[in-house]
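Inspection log for the structure reproduced underneath, given as structure tokens.
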Amino acid sequence: MIRWVTLIGLAGLALATALFVWQGIAPVLAAFAAAGFGILWASLFHLVPMALNARAWQILLPPRRRAGLAFFVWSVWLREAVNGLLPVARIGGEVASAQLLIRHGLSPPKAVASLVVDMTLSLFSQFAFTLLGLALLLGHDSSGGVVRDVAIGLIVTVPVAGAFLAAQRFGVFSVMAKLFRNIFGDRFDALVGGAAALDRAVRRLYRRRRAVLFCFFWQVAGWSAGAGEIWLALRFLGHSASVADAFVVEAIIQALSSSAFIVPGALGVQEGGFLALGGILGLAPDVALALALMRRARDLIIFLPALVVWQATAGRRALSRLATR
């Protein structure tokens with residue numbers, strides 16, 4: 001699996017490189033360099049949607065069992081960092097953040113259940129966010145092809161997300177326990193505390209309808225806040241985009257990146273999306289690809305420190321275990 005993900009990532013990198021060569025590397029780098037310290041400020045704005053998503057996840061758990069918001073921000077930060085920078089097909093981050101909750105004192109079934117429900121609701125909240133972006137994109141005369149492609153992706157996503165939600169309500173983990181054990185061995189039970197316990201924990205969370213609804217709206221707010229990052233980046237690139245245009249870019253790029261979850265970092269897919277949207281919204285190709293570079297720079301600026309802290313912490317735990325033997 002890791003070999004295939006790596007090969008797909010290399011193919012995506014080749015595609016991204018080809019796009020930069022095709023449009024001209026020098027003008028893209030010149031536009032990118034012109035942003036200066038704006039690259040840092042636009043990147044730091046990503047802390048806002050991370051905090052909103054952290055609140056969405058936190059609110060799923062009963063008050064007496066939930067950790068503070070700062071802890072959930074760290075969990076979301078690590079989840080995004082692992083998924084964004086490592087070849088894990090957007091799954092490794094979920095495992096890492098679930099382990100954080102378990103080490104923080106939450107029982108394995110409750111920790112993993114909160115993550116499963118949070119991920120499921122994110123499919124629906126992103127669907128709503130993308131619909132808003134498509135509605136705004138329809139105002140551009142040349143947007144037909146992009147709207148059609150994204151709409152097709154949404155049409156496919158809805159029944160899949162609905163089936164995933166229904167399966168959770170009817171105890172999918174107990175049904176699939178044998179398959180999980182064949183794939184993961186005892187690690188699955190060790191992580192989730194048993195399939196039946198996980199099913200019960202998931203159903204209990206869904207019974208907290210008010211919390212589920214609030215989680216959904218906090219997630220929509222988190223998706224929407226990402227438009228601020230795009231708006232700032234375009235301002236620093238010298239392009240005065242409207243908030244609506246920034247919203248469109250963020251909505252479509254997030255939808256494309258999610259659909260290409262098997263591609264590490266959505267390499268190539270993300271760059272192609274920025275280039276296509278730039279043409280619709282009146283961005284020069286060099287500015288559109290410079291915006292894509294700013295998104296990549298954001299990943300390094302924001303996510304790399306999280307990976308360093310995570311590995312340093314894991315190293316200290318390993319040394320501590322060795323010292324106690």
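Ordered as shown in the structure tokens, chains take letters A, B, and onward, while each chain numbers its residues from 1 and ligands are numbered from 1 in the order shown.
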
Thr130 (chain A): which residues within 8 Å, counting only C-alpha atoms, same-chain residues fewer than 5 positions away excluded, as number ranges by chain? A: 251-252, 255

Considering only C-alpha atoms, return as a PyMOL selection string whatever protein or nucleic-acid residues lie within 9 Å of region 107-111 of chain A, sequence-local ones (same chain, fewer than 2 positions apart) excluded. chain A and resi 61+98-103+105+113-116+190-195+197-202+205

With N, CA and C atoms retained, export the selected residues as a short mmCIF file (atom, residue, chain, number, x, y, z; two decimals), in the first residue's frame.
```cif
data_model
loop_
_atom_site.label_atom_id
_atom_site.label_comp_id
_atom_site.auth_asym_id
_atom_site.auth_seq_id
_atom_site.Cartn_x
_atom_site.Cartn_y
_atom_site.Cartn_z
N LEU A 61 -18.07 15.66 22.39
CA LEU A 61 -17.94 14.91 23.64
C LEU A 61 -18.68 15.60 24.78
N ALA A 98 -6.24 10.14 17.26
CA ALA A 98 -6.97 9.25 18.17
C ALA A 98 -6.08 8.77 19.31
N GLN A 99 -4.83 8.46 18.97
CA GLN A 99 -3.89 8.04 20.01
C GLN A 99 -3.62 9.15 21.01
N LEU A 100 -3.62 10.39 20.54
CA LEU A 100 -3.45 11.52 21.46
C LEU A 100 -4.58 11.56 22.48
N LEU A 101 -5.83 11.40 22.01
CA LEU A 101 -6.97 11.43 22.91
C LEU A 101 -6.90 10.29 23.93
N ILE A 102 -6.48 9.13 23.47
CA ILE A 102 -6.40 7.98 24.37
C ILE A 102 -5.33 8.22 25.43
N ARG A 103 -4.18 8.74 25.03
CA ARG A 103 -3.13 9.04 26.01
C ARG A 103 -3.55 10.15 26.97
N GLY A 105 -6.37 10.30 28.32
CA GLY A 105 -7.26 9.74 29.33
C GLY A 105 -8.62 9.30 28.84
N ALA A 113 -14.56 6.83 18.49
CA ALA A 113 -15.93 7.17 18.09
C ALA A 113 -16.06 8.66 17.79
N SER A 114 -15.46 9.50 18.63
CA SER A 114 -15.54 10.95 18.39
C SER A 114 -14.87 11.31 17.07
N LEU A 115 -13.80 10.62 16.76
CA LEU A 115 -13.09 10.88 15.50
C LEU A 115 -13.92 10.42 14.31
N VAL A 116 -14.55 9.24 14.42
CA VAL A 116 -15.38 8.70 13.34
C VAL A 116 -16.55 9.64 13.05
N ALA A 190 -6.74 -3.16 19.99
CA ALA A 190 -5.95 -2.38 20.94
C ALA A 190 -6.23 -0.90 20.79
N LEU A 191 -6.46 -0.46 19.56
CA LEU A 191 -6.71 0.96 19.32
C LEU A 191 -8.12 1.36 19.72
N VAL A 192 -9.13 0.57 19.31
CA VAL A 192 -10.52 1.00 19.49
C VAL A 192 -11.18 0.38 20.72
N GLY A 193 -10.53 -0.59 21.36
CA GLY A 193 -11.13 -1.20 22.54
C GLY A 193 -12.21 -2.21 22.22
N GLY A 194 -12.23 -2.72 20.99
CA GLY A 194 -13.23 -3.71 20.59
C GLY A 194 -14.28 -3.10 19.68
N ALA A 195 -14.68 -3.85 18.65
CA ALA A 195 -15.62 -3.32 17.65
C ALA A 195 -16.99 -3.04 18.25
N ALA A 197 -17.77 -2.29 21.34
CA ALA A 197 -17.69 -1.09 22.20
C ALA A 197 -17.64 0.17 21.35
N LEU A 198 -16.93 0.10 20.21
CA LEU A 198 -16.86 1.26 19.32
C LEU A 198 -18.23 1.58 18.73
N ASP A 199 -18.96 0.55 18.31
CA ASP A 199 -20.31 0.77 17.78
C ASP A 199 -21.21 1.45 18.81
N ARG A 200 -21.15 0.99 20.04
CA ARG A 200 -21.98 1.58 21.10
C ARG A 200 -21.60 3.05 21.32
N ALA A 201 -20.29 3.33 21.33
CA ALA A 201 -19.83 4.70 21.55
C ALA A 201 -20.26 5.62 20.42
N VAL A 202 -20.21 5.13 19.17
CA VAL A 202 -20.63 5.93 18.02
C VAL A 202 -22.12 6.25 18.12
N LEU A 205 -22.91 8.95 20.66
CA LEU A 205 -22.59 10.30 20.19
C LEU A 205 -23.67 10.83 19.26
#
```

Spatial neighbours of region 224-235 of chain A, 10 Å, only C-alpha atoms, chain gap at least 5 places, as a PDB file with N, CA and C atoms, in the first residue's frame:
```
ATOM      1  N   PHE A  32       5.672  34.713  -6.681  1.00  0.00           N
ATOM      2  CA  PHE A  32       5.707  34.139  -5.338  1.00  0.00           C
ATOM      3  C   PHE A  32       6.619  34.959  -4.425  1.00  0.00           C
ATOM      4  N   ALA A  35       5.471  38.303  -2.800  1.00  0.00           N
ATOM      5  CA  ALA A  35       4.608  38.283  -1.607  1.00  0.00           C
ATOM      6  C   ALA A  35       5.400  38.523  -0.335  1.00  0.00           C
ATOM      7  N   GLY A  38       4.387  38.294   3.431  1.00  0.00           N
ATOM      8  CA  GLY A  38       2.972  37.960   3.328  1.00  0.00           C
ATOM      9  C   GLY A  38       2.735  36.463   3.287  1.00  0.00           C
ATOM     10  N   ILE A  39       3.727  35.720   2.810  1.00  0.00           N
ATOM     11  CA  ILE A  39       3.626  34.252   2.792  1.00  0.00           C
ATOM     12  C   ILE A  39       3.444  33.736   4.212  1.00  0.00           C
ATOM     13  N   LEU A  40       4.212  34.311   5.140  1.00  0.00           N
ATOM     14  CA  LEU A  40       4.115  33.896   6.546  1.00  0.00           C
ATOM     15  C   LEU A  40       2.775  34.299   7.147  1.00  0.00           C
ATOM     16  N   TRP A  41       2.346  35.541   6.936  1.00  0.00           N
ATOM     17  CA  TRP A  41       1.109  36.008   7.555  1.00  0.00           C
ATOM     18  C   TRP A  41      -0.111  35.246   7.018  1.00  0.00           C
ATOM     19  N   ALA A  42      -0.145  35.013   5.716  1.00  0.00           N
ATOM     20  CA  ALA A  42      -1.263  34.247   5.152  1.00  0.00           C
ATOM     21  C   ALA A  42      -1.266  32.821   5.691  1.00  0.00           C
ATOM     22  N   SER A  43      -0.075  32.255   5.879  1.00  0.00           N
ATOM     23  CA  SER A  43       0.020  30.890   6.409  1.00  0.00           C
ATOM     24  C   SER A  43      -0.481  30.819   7.843  1.00  0.00           C
ATOM     25  N   LEU A  44      -0.102  31.809   8.649  1.00  0.00           N
ATOM     26  CA  LEU A  44      -0.511  31.804  10.057  1.00  0.00           C
ATOM     27  C   LEU A  44      -2.015  31.931  10.226  1.00  0.00           C
ATOM     28  N   PHE A  45      -2.683  32.502   9.234  1.00  0.00           N
ATOM     29  CA  PHE A  45      -4.142  32.617   9.323  1.00  0.00           C
ATOM     30  C   PHE A  45      -4.805  31.243   9.379  1.00  0.00           C
ATOM     31  N   HIS A  46      -4.092  30.211   8.927  1.00  0.00           N
ATOM     32  CA  HIS A  46      -4.669  28.860   8.957  1.00  0.00           C
ATOM     33  C   HIS A  46      -4.978  28.407  10.377  1.00  0.00           C
ATOM     34  N   LEU A  47      -4.398  29.069  11.369  1.00  0.00           N
ATOM     35  CA  LEU A  47      -4.712  28.733  12.760  1.00  0.00           C
ATOM     36  C   LEU A  47      -6.186  28.985  13.072  1.00  0.00           C
ATOM     37  N   VAL A  48      -6.810  29.912  12.360  1.00  0.00           N
ATOM     38  CA  VAL A  48      -8.224  30.223  12.613  1.00  0.00           C
ATOM     39  C   VAL A  48      -9.124  29.043  12.239  1.00  0.00           C
ATOM     40  N   PRO A  49      -9.074  28.527  10.976  1.00  0.00           N
ATOM     41  CA  PRO A  49      -9.912  27.357  10.686  1.00  0.00           C
ATOM     42  C   PRO A  49      -9.551  26.137  11.516  1.00  0.00           C
ATOM     43  N   MET A  50      -8.272  25.989  11.894  1.00  0.00           N
ATOM     44  CA  MET A  50      -7.904  24.866  12.753  1.00  0.00           C
ATOM     45  C   MET A  50      -8.595  24.969  14.108  1.00  0.00           C
ATOM     46  N   LEU A  52     -11.425  26.526  14.761  1.00  0.00           N
ATOM     47  CA  LEU A  52     -12.862  26.282  14.580  1.00  0.00           C
ATOM     48  C   LEU A  52     -13.141  24.787  14.441  1.00  0.00           C
ATOM     49  N   GLN A 126     -18.498  19.683   4.417  1.00  0.00           N
ATOM     50  CA  GLN A 126     -17.755  20.077   3.217  1.00  0.00           C
ATOM     51  C   GLN A 126     -18.666  20.089   1.996  1.00  0.00           C
ATOM     52  N   PHE A 129     -20.401  23.342   2.136  1.00  0.00           N
ATOM     53  CA  PHE A 129     -19.432  24.385   1.809  1.00  0.00           C
ATOM     54  C   PHE A 129     -19.156  24.427   0.302  1.00  0.00           C
ATOM     55  N   THR A 130     -18.992  23.258  -0.300  1.00  0.00           N
ATOM     56  CA  THR A 130     -18.723  23.202  -1.737  1.00  0.00           C
ATOM     57  C   THR A 130     -19.921  23.677  -2.547  1.00  0.00           C
ATOM     58  N   LEU A 132     -22.012  25.972  -1.667  1.00  0.00           N
ATOM     59  CA  LEU A 132     -21.978  27.438  -1.622  1.00  0.00           C
ATOM     60  C   LEU A 132     -20.947  27.977  -2.610  1.00  0.00           C
ATOM     61  N   GLY A 133     -19.787  27.317  -2.662  1.00  0.00           N
ATOM     62  CA  GLY A 133     -18.762  27.733  -3.605  1.00  0.00           C
ATOM     63  C   GLY A 133     -19.209  27.589  -5.044  1.00  0.00           C
ATOM     64  N   TRP A 218     -20.034  24.376  13.298  1.00  0.00           N
ATOM     65  CA  TRP A 218     -18.665  24.799  13.563  1.00  0.00           C
ATOM     66  C   TRP A 218     -17.748  24.359  12.431  1.00  0.00           C
ATOM     67  N   GLN A 219     -17.987  23.174  11.879  1.00  0.00           N
ATOM     68  CA  GLN A 219     -17.174  22.715  10.752  1.00  0.00           C
ATOM     69  C   GLN A 219     -17.388  23.595   9.516  1.00  0.00           C
ATOM     70  N   SER A 240      -6.246  42.053  -6.016  1.00  0.00           N
ATOM     71  CA  SER A 240      -7.361  42.433  -5.137  1.00  0.00           C
ATOM     72  C   SER A 240      -8.584  41.573  -5.454  1.00  0.00           C
ATOM     73  N   ALA A 241      -8.644  40.409  -4.865  1.00  0.00           N
ATOM     74  CA  ALA A 241      -9.777  39.507  -5.081  1.00  0.00           C
ATOM     75  C   ALA A 241     -10.890  39.830  -4.094  1.00  0.00           C
ATOM     76  N   SER A 242     -12.113  39.537  -4.483  1.00  0.00           N
ATOM     77  CA  SER A 242     -13.243  39.694  -3.565  1.00  0.00           C
ATOM     78  C   SER A 242     -13.285  38.522  -2.601  1.00  0.00           C
ATOM     79  N   VAL A 243     -13.992  38.710  -1.499  1.00  0.00           N
ATOM     80  CA  VAL A 243     -14.169  37.615  -0.535  1.00  0.00           C
ATOM     81  C   VAL A 243     -14.898  36.450  -1.202  1.00  0.00           C
ATOM     82  N   ALA A 244     -15.861  36.762  -2.090  1.00  0.00           N
ATOM     83  CA  ALA A 244     -16.613  35.713  -2.791  1.00  0.00           C
ATOM     84  C   ALA A 244     -15.685  34.866  -3.658  1.00  0.00           C
ATOM     85  N   ASP A 245     -14.760  35.522  -4.374  1.00  0.00           N
ATOM     86  CA  ASP A 245     -13.820  34.772  -5.208  1.00  0.00           C
ATOM     87  C   ASP A 245     -12.901  33.895  -4.354  1.00  0.00           C
ATOM     88  N   ALA A 246     -12.454  34.438  -3.214  1.00  0.00           N
ATOM     89  CA  ALA A 246     -11.619  33.651  -2.306  1.00  0.00           C
ATOM     90  C   ALA A 246     -12.390  32.442  -1.772  1.00  0.00           C
ATOM     91  N   PHE A 247     -13.666  32.636  -1.496  1.00  0.00           N
ATOM     92  CA  PHE A 247     -14.527  31.551  -1.032  1.00  0.00           C
ATOM     93  C   PHE A 247     -14.628  30.465  -2.097  1.00  0.00           C
ATOM     94  N   VAL A 248     -14.799  30.870  -3.351  1.00  0.00           N
ATOM     95  CA  VAL A 248     -14.891  29.912  -4.456  1.00  0.00           C
ATOM     96  C   VAL A 248     -13.620  29.091  -4.556  1.00  0.00           C
ATOM     97  N   VAL A 249     -12.471  29.773  -4.521  1.00  0.00           N
ATOM     98  CA  VAL A 249     -11.194  29.061  -4.648  1.00  0.00           C
ATOM     99  C   VAL A 249     -11.033  28.038  -3.529  1.00  0.00           C
ATOM    100  N   GLU A 250     -11.278  28.464  -2.295  1.00  0.00           N
ATOM    101  CA  GLU A 250     -11.103  27.553  -1.162  1.00  0.00           C
ATOM    102  C   GLU A 250     -12.061  26.374  -1.249  1.00  0.00           C
ATOM    103  N   ALA A 251     -13.326  26.634  -1.600  1.00  0.00           N
ATOM    104  CA  ALA A 251     -14.318  25.556  -1.661  1.00  0.00           C
ATOM    105  C   ALA A 251     -13.951  24.518  -2.707  1.00  0.00           C
ATOM    106  N   GLN A 254     -10.542  22.628  -1.838  1.00  0.00           N
ATOM    107  CA  GLN A 254     -10.744  21.645  -0.775  1.00  0.00           C
ATOM    108  C   GLN A 254     -11.491  20.421  -1.305  1.00  0.00           C
ATOM    109  N   LEU A 283      -7.362  35.408 -12.881  1.00  0.00           N
ATOM    110  CA  LEU A 283      -5.990  35.423 -12.393  1.00  0.00           C
ATOM    111  C   LEU A 283      -5.038  35.022 -13.511  1.00  0.00           C
ATOM    112  N   VAL A 287       0.204  34.048 -11.371  1.00  0.00           N
ATOM    113  CA  VAL A 287      -0.372  34.369 -10.060  1.00  0.00           C
ATOM    114  C   VAL A 287      -1.101  33.151  -9.487  1.00  0.00           C
ATOM    115  N   ALA A 288      -1.833  32.437 -10.343  1.00  0.00           N
ATOM    116  CA  ALA A 288      -2.558  31.247  -9.881  1.00  0.00           C
ATOM    117  C   ALA A 288      -1.598  30.197  -9.344  1.00  0.00           C
ATOM    118  N   ALA A 290       1.500  30.802  -8.324  1.00  0.00           N
ATOM    119  CA  ALA A 290       2.143  31.364  -7.136  1.00  0.00           C
ATOM    120  C   ALA A 290       1.249  31.168  -5.911  1.00  0.00           C
ATOM    121  N   LEU A 291      -0.078  31.266  -6.119  1.00  0.00           N
ATOM    122  CA  LEU A 291      -1.029  31.002  -5.037  1.00  0.00           C
ATOM    123  C   LEU A 291      -0.940  29.541  -4.601  1.00  0.00           C
ATOM    124  N   ALA A 292      -0.792  28.640  -5.576  1.00  0.00           N
ATOM    125  CA  ALA A 292      -0.607  27.224  -5.244  1.00  0.00           C
ATOM    126  C   ALA A 292       0.682  27.019  -4.458  1.00  0.00           C
ATOM    127  N   MET A 294       2.029  29.218  -2.485  1.00  0.00           N
ATOM    128  CA  MET A 294       1.792  29.729  -1.133  1.00  0.00           C
ATOM    129  C   MET A 294       1.065  28.705  -0.280  1.00  0.00           C
ATOM    130  N   ARG A 295       0.165  27.932  -0.898  1.00  0.00           N
ATOM    131  CA  ARG A 295      -0.505  26.856  -0.153  1.00  0.00           C
ATOM    132  C   ARG A 295       0.509  25.793   0.267  1.00  0.00           C
ATOM    133  N   ARG A 298       2.516  27.184   3.058  1.00  0.00           N
ATOM    134  CA  ARG A 298       1.725  27.111   4.275  1.00  0.00           C
ATOM    135  C   ARG A 298       1.840  25.742   4.939  1.00  0.00           C
TER     136      ARG A 298
END
```

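Proximity ranking of A:Val88, A:Ser97, A:Leu10, A:Ala312 relative to Trp74 (chain A) places A:Ser97 first, based on only C-alpha atoms.
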
Pick from A:Leu29, A:Ile302, A:Leu281, A:Val308: nearest to Trp77 (chain A), with only C-alpha atoms counted?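 Closest to Trp77 (chain A), using only C-alpha atoms: A:Ile302.
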
With distances taken over only C-alpha atoms, which of A:Pro27, A:Glu94, A:Ala211, A:Ala135 is nearest to Pro63 (chain A)?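 Closest candidate: A:Ala211.
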
Would you compute the distance between CA of Ala276 (chain A) and CA of Gly238 (chain A)? Give it in Å to one decimal.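 Answer for the CA of Ala276 (chain A) to CA of Gly238 (chain A) separation: 19.2 Å.
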
Would you return as a VMD selection string the members of region 11-92 of chain A that DSSP assigns to helix (DSSP H, G or I) on this structure's backbone? chain A and resid 11 to 23 25 to 34 38 to 44 47 to 58 69 to 85 92
